[in-house]
Each structure stands twice: as C-alpha cells, then as structure tokens.
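Structure first, then comments.
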Amino acid sequence: MNDNRINVSSAVGFERQQSKEMQLEFKKLEKILREVDEKVYKKLEDMRVKLKNERKEEVEGNVDVNQKYCDTLLKIYREARDLFEKSEKCCTSCITKLDNNIKTRTSMKKRKVEEDVTSQAKKNKKLATKVEPVAKSKSYVARANSAGISSASNVSSSSSSSSASFPVNSFHEPILPVGTTVAAKISKPKHKPDWILASIVNYIPESGKYEVEDEDPGDEFDPNPSREHYQLPRKCLIPLPLQVGAEYEFARGSQVLAMYPETTTFYSATVVATPSERKKKDYQLNFVEDTDEIGEPIKREVSPAYVVAEPKS
C-alpha cells in the first residue's frame with residue numbers, strides 16, 4: 001500500500017514538473033514567434049513600402065542603394081533562419097515533454113484501474129466474509145423475529161456448528177451487507193429501466209427491499225451535491241464481482257452487463273477478449289448499438305470489477 005502511494009506520488013510529482021517545463025517551453029516559443037513577427041515580417045514590410053515609394057529608375061541606377069537593400073535583406077533572412085532554428089528546437093522539446101506527459105498519464109490510469117480492481121475485490125470479499133454472531137445481536141434477533149427472518153443456522157443443520165452466519169430473509173436468501181457495491185436496476189416514469197452503479201446503505205426487513213445510493217456524483221460544479229436513493233427488491237440488484245481472475249472470467253462471446261467507460265451506467269455487451277488474454281488485464285467489449293461512423297462495432301476496455309452476467313429478461 002505504501003509503495004503504491006509512493007509510486008503515485010512520484011508520478012504526480014513528475015507530471016507536475018513536466019507541466020512546468022512545458023509552460024516554460026511554450027513561453028520560449030511564444031517569444032520566438034513574436035521576434036519573428038517583429039524582426040522579420042515587419043522589417044520586410046517596411047522594405048517593401050520603401051521600395052514602392054522610391055522611384056524605380058533611381059534605385060536601378062544607383063549601385064549603392066541596391067547594395068544597401070541587398071545587405072539589409074541578407075541580414076533579415078539570416079535573423080529569420082536563426083529564429084526558425086530556435087523555434088524548431090523549442091517545438092521538438094515541447095513534443096518530447098508532451099509525449100512523456102501522455103505516457104505518464106496512461107501509466108497512472110492503468111495503475112488506477114488495477115488498484116480499483118484490487119480494492120473492489122478486497123472490499124467485496126471483506127463484506128462477504130463479515131459475519132454477525134446471532135446470539136450476541138439481541139437487537140437483530142428481535143427485528144428478525146418481528147419481520148419473519150431466520151438466521152442461516154436455523155435454515156441448514158449443517159451450519160449449526162458455526163456460531164456466526166449470514167442472516168437471511170423470509171425467502172431464505174442471504175441478506176446483502178450494507179456497503180456492498182451493486183448494479184441496480186432503476187425505473188423512472190417515461191424512461192426505460194437503467195442499470196446503475198450503486199451501493200447498499202440499508203436493508204428494510206418490513207418490505208424485504210434494499211435502500212441503495214446512486215454512485216454517480218452528479219454535477220461536479222455543484223457545491224452541495226446530493227446522490228439519489230432508491231428502494232429496490234433483491235431481484236433488481238446484482239452484486240459486483242467478489243473476486244477477479246482467469247477462473248472467474250466470462251468467455252469470449254458471452255453476453256454480459258458492463259459499466260460503460262467514463263459513466264456509472266451498465267449496458268449489454270459482448271465479450272471480445274478476456275482479461276487473461278490482455279496485458280491490461282481488462283475486458284475488451286462490444287456494447288450494443290455502440291458503433292463508429294461506418295457502422296463498425298467499437299471495442300471498449302472495461303475493468304473486470306464492473307462486468308457481471310447479463311440478467312435474464
């Protein structure tokens with residue numbers, strides 16, 4: 001964990017240094033171009049005006065005047081050559097620094113995806129293994145009895161040897177713990193149902209529904225953002241993967257539900273390539289109706305932490 005923080009901090013520091021250096025190069029380039037305008041274009045324009053105003057025969061008949069103009073032109077073109085050589089070096093330096101900056105950003109993004117996958121897997125695994133001793137939780141027992149909920153130890157005799165187990169609802173379904181990250185199916189008036197990224201904030205025994213919070217931060221410019229809350233039945237929730245790895249992958253051609261890049265909404269997609277086949281360790285997917293200008297499917301990259309089995313309609 002500390003190594004990751006050091007690496008990220010170093011990368012951020014490197015990116016800031018690169019940004020400062022690029023700003024200096026831009027200022028140098030701006031200064032050079034301004035000198036080109038002042039020392040070359042303006043001087044050439046002044047000479048053109050002078051030549052136009054002078055009588056042609058006087059210029060042609062005066063060797064000293066012709067020599068003077070030739071010397072001046074030679075000086076101007078030499079200045080122009082030197083300035084353009086400087087601008088070329090400056091542009092080359094800018095290109096190099098921009099290229100390094102892009103590579104750094106790409107590396108940071110890749111590391112962020114890997115950390116997200118690992119963090120999500122650990123978070124879900126922790127939630128999945130977190131148990132509450134039924135005998136010690138008097139408030140839960142009272143609430144469960146009033147709602148007709150029994151513990152898993154009462155459902156299966158094989159688990160009677162364990163002093164702690166997952167609580168289950170009246171349908172003997174394990175209750176998803178608070179904090180579980182899910183794909184949640186929501187419906188709004190006059191809109192088709194959407195699958196969104198959400199997290200469970202409460203379970204309501206009386207109705208058997210879950211209260212979930214939309215993970216979409218909303219308007220980034222809103223000083224007081226508020227996230228939407230929904231009450232949904234278990235069938236409208238799909239927990240995100242507890243673990244990632246080759247043994248948990250969806251095969252090529254599988255129909256899945258995946259979070260579209262740069263959004264918090266899930267859409268139907270087809271697996272083009274699996275994480276174990278790719279260096280980036282992410283899925284390559286074709287989302288439904290996601291095509292380019294000529295109608296060809298676009299391949300999108302999605303972290304395995306945000307890909308689940310497509311629910312049956």
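Residues in the structure tokens are named by chain (A, B, ... in the order shown) and by number from 1 within that chain; ligands are numbered from 1 in the order shown.
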
All residues 8 Å or closer to Ala273 in chain A, only C-alpha atoms, same chain fewer than 3 positions away omitted, as a PyMOL selection string: chain A and resi 252+277-278+283-285

What does the file look like for those residues with all heavy atoms, as an mmCIF file, in the first residue's frame?
data_model
loop_
_atom_site.group_PDB
_atom_site.id
_atom_site.type_symbol
_atom_site.label_atom_id
_atom_site.label_comp_id
_atom_site.auth_asym_id
_atom_site.auth_seq_id
_atom_site.Cartn_x
_atom_site.Cartn_y
_atom_site.Cartn_z
ATOM 1 N N ARG A 252 -15.102 -15.607 -24.274
ATOM 2 C CA ARG A 252 -15.362 -14.823 -25.487
ATOM 3 C C ARG A 252 -16.754 -15.141 -26.018
ATOM 4 O O ARG A 252 -17.174 -16.298 -26.033
ATOM 5 C CB ARG A 252 -14.342 -15.171 -26.569
ATOM 6 C CG ARG A 252 -12.988 -14.525 -26.393
ATOM 7 C CD ARG A 252 -12.197 -14.717 -27.668
ATOM 8 N NE ARG A 252 -10.858 -14.135 -27.586
ATOM 9 C CZ ARG A 252 -10.095 -13.910 -28.638
ATOM 10 N NH1 ARG A 252 -10.541 -14.224 -29.844
ATOM 11 N NH2 ARG A 252 -8.889 -13.395 -28.506
ATOM 12 N N GLU A 277 -6.277 -12.677 -21.540
ATOM 13 C CA GLU A 277 -5.705 -12.600 -22.881
ATOM 14 C C GLU A 277 -5.025 -11.250 -23.141
ATOM 15 O O GLU A 277 -4.374 -11.079 -24.168
ATOM 16 C CB GLU A 277 -6.798 -12.795 -23.939
ATOM 17 C CG GLU A 277 -7.480 -14.146 -23.882
ATOM 18 C CD GLU A 277 -8.663 -14.239 -24.832
ATOM 19 O OE1 GLU A 277 -9.417 -13.243 -24.955
ATOM 20 O OE2 GLU A 277 -8.835 -15.296 -25.443
ATOM 21 N N ARG A 278 -5.198 -10.322 -22.229
ATOM 22 C CA ARG A 278 -4.743 -8.956 -22.475
ATOM 23 C C ARG A 278 -3.727 -8.519 -21.422
ATOM 24 O O ARG A 278 -3.832 -8.880 -20.248
ATOM 25 C CB ARG A 278 -5.930 -8.000 -22.477
ATOM 26 C CG ARG A 278 -6.875 -8.231 -23.643
ATOM 27 C CD ARG A 278 -8.176 -7.438 -23.499
ATOM 28 N NE ARG A 278 -7.958 -6.040 -23.213
ATOM 29 C CZ ARG A 278 -7.594 -5.136 -24.118
ATOM 30 N NH1 ARG A 278 -7.405 -5.499 -25.370
ATOM 31 N NH2 ARG A 278 -7.425 -3.867 -23.782
ATOM 32 N N TYR A 283 -11.373 -6.391 -19.704
ATOM 33 C CA TYR A 283 -12.167 -6.950 -20.791
ATOM 34 C C TYR A 283 -12.146 -6.005 -21.986
ATOM 35 O O TYR A 283 -12.082 -4.779 -21.835
ATOM 36 C CB TYR A 283 -13.626 -7.123 -20.351
ATOM 37 C CG TYR A 283 -13.893 -8.352 -19.519
ATOM 38 C CD1 TYR A 283 -14.021 -8.249 -18.135
ATOM 39 C CD2 TYR A 283 -14.058 -9.606 -20.111
ATOM 40 C CE1 TYR A 283 -14.285 -9.366 -17.359
ATOM 41 C CE2 TYR A 283 -14.324 -10.728 -19.345
ATOM 42 C CZ TYR A 283 -14.433 -10.604 -17.971
ATOM 43 O OH TYR A 283 -14.697 -11.707 -17.206
ATOM 44 N N GLN A 284 -12.235 -6.606 -23.174
ATOM 45 C CA GLN A 284 -12.499 -5.829 -24.382
ATOM 46 C C GLN A 284 -13.907 -6.215 -24.825
ATOM 47 O O GLN A 284 -14.191 -7.385 -25.074
ATOM 48 C CB GLN A 284 -11.477 -6.153 -25.477
ATOM 49 C CG GLN A 284 -11.461 -5.131 -26.605
ATOM 50 C CD GLN A 284 -10.304 -5.350 -27.553
ATOM 51 O OE1 GLN A 284 -10.282 -6.369 -28.242
ATOM 52 N NE2 GLN A 284 -9.363 -4.435 -27.597
ATOM 53 N N LEU A 285 -14.789 -5.215 -24.894
ATOM 54 C CA LEU A 285 -16.213 -5.485 -25.106
ATOM 55 C C LEU A 285 -16.758 -4.709 -26.293
ATOM 56 O O LEU A 285 -16.271 -3.626 -26.634
ATOM 57 C CB LEU A 285 -17.014 -5.098 -23.856
ATOM 58 C CG LEU A 285 -16.583 -5.693 -22.508
ATOM 59 C CD1 LEU A 285 -17.405 -5.079 -21.388
ATOM 60 C CD2 LEU A 285 -16.733 -7.207 -22.502
#

Interatomic distance, CA of Val36 in chain A to CA of Glu85 in chain A (Å, one decimal):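 Distance between the two atoms: 11.3 Å.
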
Once you count only C-alpha atoms, what closest atom pair and distance in Å to one decimal does each residue of range 180-234 of chain A within 10 Å of range 302-308 of chain A have, with rows by chain and rising residue number, as CSV?
residue,atom,partner,partner_atom,distance
A:Thr181,CA,A:Tyr306,CA,9.9
A:Val182,CA,A:Tyr306,CA,9.2
A:Ala183,CA,A:Val308,CA,8.5
A:Leu197,CA,A:Tyr306,CA,8.8

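The nearest approach to Lys281 in chain A among the residues A:Val49, A:Cys70, A:Val244, A:Val40, with only C-alpha atoms taken into account, belongs to A:Val244.
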
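Remark: for Gly253 in chain A, the closest of the candidate residues A:Asp194, A:Cys236, A:Phe287, A:Leu83 is A:Phe287 (distances computed over only C-alpha atoms).
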
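Separating CA of Pro225 in chain A from CA of His191 in chain A is a distance of 23.2 Å.
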
To one decimal in Å, tell me the separation between CA of Gly245 in chain A and CA of Pro275 in chain A.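 For CA of Gly245 in chain A relative to CA of Pro275 in chain A, the distance reads 7.9 Å.
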